[in-house]
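Contents: one structure, followed by commentary.
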Amino acid sequence: MVSVGDALVDNSPPALMRLAISILGTADKPVLLTGIVVVLAVSGAVLGIAALRRPVLGHLGLAILAAAGAAAVLLRRADDPGAVVPVLVGAVSGALGLALLLRSAHRYLRSGEEGNTTARAAARREALPIARAPGRRGFVLTATGVLGASAAAGAVGHWVPRLLGGGPAGSAPTLPEPAVALPPLPAATELGVPGLTPFTTPNSDFYRIDTALTVPRTDPSRWTLRIHGMVDRPFEITMDELLTLPLEEADITLSCVSNQVGGDLVGNTRWLGAPLAALLRRAGVHSGADQILSTSSDGWTCGTPTEVVMDGRDALVAVGMGGEPLPVEHGFPARMIVPGLYGFVSATKWITDIRLTRFADERAYWARRGWGVRAPIRTMSRVDVPSPLGRVASGDVVLAGVAWAQHRGVAAVEVRVDGGAWWEAELARVPGIDTWVQWVAETSVAPGRHDVQVRATDASGATQPSARAEPIPDGATGWHRIGFVAD
Ligand SMILES: Nc1nc2c(c(=O)[nH]1)N[C@H]1C(S)=C(S)[C@@H](COP(=O)(O)O)O[C@H]1N2
Ligand SMILES: [Mo]
């Protein structure tokens with residue numbers, strides 16, 4: 001099911017993907033998987049009814065479904081033909097189940113014909129439930145048994161790999177100390193306004209965006225990262241080797257290009273990792289190799305401008321996030337992080353391969369689907385307090401939120417109420433230019449409905465444009481506005 005879902009995700013027309021993302025947001029995965037279950041159940045019902053007349057139809061349909069499943073598995077897991085075994089076992093069990101059900105259904109139908117006048121009439125006269133009639137009961141029992149066995153097999157298939165420790169949770173490496181440790185965050189990074197987004201996003205609250213229907217699980221002792229392509233000295237590095245490199249810490253705010261104005265697909269944390277530029281220097285990148293094409297263990301690809309990674313910023317092959325090894329959902333055992341670029345062009349999770357190439361020659365996953373190629377994060381600001389459509393007491397009110405302009409830095413945040421004059425908010429302290437910053441402003445309002453707007457100016461002096469643009473192809477623009485009511 002998951003492989004079929006993956007195949008659907010990777011091969012849907014871009015327009016359909018955009019529609020699904022815009023309507024369903026991050027619910028798109030459960031909806032897709034539920035849809036597959038529904039399609040399978042309906043196909044099963046139709047095939048079952050057809051098979052009553054012509055059993056061969058049922059088995060043929062089953063074979064076609066199994067072939068589609070096997071094809072989806074083999075296409076994605078070409079290196080692991082064993083992955084098709086569950087599909088085959090499923091197909092054989094399906095055929096057995098179908099044969100059992102058909103036998104018992106035919107027995108019931110026959111008993112219906114023969115016993116109509118006697119047994120069924122007797123059953124009715126004695127007010128016995130009709131299920132007691134011979135044959136029917138047998139069919140209901142067989143059907144329940146087949147259903148129960150399927151559910152049990154599904155549950156076992158789902159839980160056994162997890163119980164056997166198929167995941168890397170137990171084998172997570174203990175993270176070495178960074179060679180370049182950052183001082184603790186200054187106290188003034190947190191303004192302490194109730195309801196305001198915390199400066200550091202806890203790992204458990206960090207937004208998750210990826211195309212993976214099941215989280216790729218890799219044993220770190222078997223993980224390698226290959227760096228090759230347009231380089232002088234291609235090499236492969238193991239996790240042990242990576243962890244002996246001088247690791248660095250960096251506070252970086254990651255944002256998804258799909259984040260709408262006012263949206264929450266953005267988070268900030270302290271990352272730990274090996275500087276990517278050093279690894280690339282070791283490989284010796286050819287001039288002209290303007291794209292770093294990275295690939296995850298599940299085949300997702302990402303194109304990052306080489307010059308951005310080499311310009312001295314804290315681009316990392318990260319192994320730690322928020323003081324812990326990367327959680328599996330966030331790329332364990334290693335991922336890329338490049339301050340200033342949207343995640344889809346910089347933040348490859350479950351990374352296993354880096355190939356130096358040229359934008360003119362190759363397009364990565366989202367670029368092939370109509371999204372941007374070079375996508376620096378746009379300056380953005382958000383109102384968190386008051387909460388949208390929230391109620392506050394009239395008189396003095398506190399307005400607060402966050403703003404970001406990664407790798408340029410936020411120079412100023414301005415707010416205005418009810419379309420009045422803009423005034424400057426107070427900014428918290430931040431450890432660098434790669435993170436968001438909390439802002440706060442105070443005003444007083446009369447009872448009634450009001451709205452707040454916010455806009456940020458980055459350190460180059462550019463203020464966020466008011467014109468609204470959709471996230472596709474390279475990031476939303478516009479000023480965030482929220483309404484609130486003062487009592
Ligand atoms: N392997 C892989 N890495 C990926 C993606 C993906 O689909 N697959 N999505 C990217 C996108 S679009 C974003 S915004 C970030 C999100 O990282 P997070 O889920 O850790 O917040 O991961 C990036 N890395
Ligand atoms: Mo994203």
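We label chains A, B, ... in the order they appear in the structure tokens, count residues from 1 in each chain, and number ligands from 1 in the order shown.
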
### Message
Excluding A:Gly483 and its own-chain neighbours fewer than 6 positions away, which residues fall within 6 Å of it when counting only C-alpha atoms? Please give them as a VMD selection string.
### Response
chain A and resid 388 to 389 450 to 451

### Query
If we count only C-alpha atoms, what is near A:Arg382 at a cut-off of 12 Å, once residues fewer than 3 positions away on the same chain are taken out, given as a PyMOL selection string?
chain A and resi 196-197+259-266+379+385-388+399-404+413-415+436-440+452-456+464+477-482

### Query
So which residues touch A:Arg226 within 10 Å, counting only C-alpha atoms, skipping near sequence neighbours fewer than 3 positions away, as a PyMOL selection string?
chain A and resi 223+229+234-238+294-295+351-355

Got time to write the residues from that selection, N, CA, C and O atoms, as a compact mmCIF listing (two decimals), in the first residue's frame?
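As written to disk, part_31.txt reads:
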# COMPACT_ATOMS: atom_id res chain seq x y z
N TRP A 223 25.12 3.48 7.36
CA TRP A 223 24.90 4.69 6.57
C TRP A 223 26.22 5.16 5.97
O TRP A 223 27.26 5.10 6.63
N GLY A 229 30.48 13.13 -8.66
CA GLY A 229 30.04 13.99 -9.76
C GLY A 229 31.20 14.86 -10.24
O GLY A 229 32.32 14.36 -10.39
N PRO A 234 36.29 12.04 -5.63
CA PRO A 234 35.04 11.52 -5.05
C PRO A 234 35.36 10.66 -3.84
O PRO A 234 36.40 9.98 -3.82
N PHE A 235 34.51 10.68 -2.84
CA PHE A 235 34.73 9.80 -1.68
C PHE A 235 33.40 9.46 -1.02
O PHE A 235 32.37 10.05 -1.31
N GLU A 236 33.49 8.47 -0.12
CA GLU A 236 32.32 8.05 0.64
C GLU A 236 32.72 8.13 2.11
O GLU A 236 33.83 7.79 2.47
N ILE A 237 31.79 8.59 2.94
CA ILE A 237 32.13 8.76 4.35
C ILE A 237 31.10 8.02 5.20
O ILE A 237 29.91 8.01 4.88
N THR A 238 31.57 7.33 6.26
CA THR A 238 30.66 6.61 7.15
C THR A 238 30.25 7.52 8.30
O THR A 238 30.82 8.60 8.49
N SER A 294 21.50 16.66 -4.08
CA SER A 294 21.54 15.69 -2.99
C SER A 294 20.34 14.76 -3.08
O SER A 294 19.28 15.15 -3.55
N THR A 295 20.54 13.52 -2.63
CA THR A 295 19.49 12.49 -2.72
C THR A 295 19.33 11.83 -1.36
O THR A 295 20.30 11.59 -0.65
N ILE A 351 19.83 11.91 4.09
CA ILE A 351 20.72 12.13 2.93
C ILE A 351 21.72 10.99 2.80
O ILE A 351 22.24 10.49 3.81
N THR A 352 21.96 10.53 1.57
CA THR A 352 22.96 9.48 1.35
C THR A 352 23.89 9.80 0.19
O THR A 352 24.88 9.10 -0.01
N ASP A 353 23.55 10.82 -0.59
CA ASP A 353 24.31 11.03 -1.82
C ASP A 353 24.34 12.51 -2.17
O ASP A 353 23.31 13.19 -2.11
N ILE A 354 25.54 12.99 -2.52
CA ILE A 354 25.69 14.37 -2.99
C ILE A 354 26.48 14.31 -4.29
O ILE A 354 27.59 13.79 -4.33
N ARG A 355 25.85 14.81 -5.34
CA ARG A 355 26.53 14.79 -6.64
C ARG A 355 26.63 16.22 -7.13
O ARG A 355 25.65 16.95 -7.18

### Query
Can I get the residues close to ligand 2 as a list in words, where close means within 10 Å and we count only C-alpha atoms and all ligand atoms?
Tyr207, Arg208, Ile209, Asp210, Thr211, Leu254, Ser255, Cys256, Val257, Ser258, Asn259, Leu265, Val266, Tyr342, Gly343, Phe344, Val345, Ser346, Ala347, Trp366 and Gly475 of chain A

### Message
Could you list, as a ChimeraX atom specification, every residue within 12 Å of stretch 82-90 of chain A, counting only C-alpha atoms and ignoring same-chain residues fewer than 2 positions away?
### Response
/A:1-4,62-80,92-98,149-150,153-154,157-158

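The two atoms in question, atom CA of A:Ile21 and atom 9 (N, counted along the ligand's line) of ligand 1, are spaced 13.3 Å apart.
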
### Task
Enumerate, as JSON, numbers by chain, the complete set of residues in stretch 152-368 of chain A that a backbone-based DSSP assignment places in strand (DSSP E or B).
{"A": [180, 224, 225, 226, 227, 228, 229, 231, 235, 236, 237, 238, 248, 249, 250, 251, 252, 253, 254, 255, 266, 267, 268, 269, 270, 271, 272, 273, 274, 275, 285, 291, 292, 293, 294, 295, 296, 301, 302, 303, 304, 305, 316, 317, 318, 319, 320, 321, 324, 325, 335, 336, 337, 341, 351, 352, 353, 354, 355, 356, 357]}

#### Entry: A:Glu177 surroundings by only C-alpha atoms, 12 Å radius, close-in-sequence under 5 positions cut, as a count of residues only
15
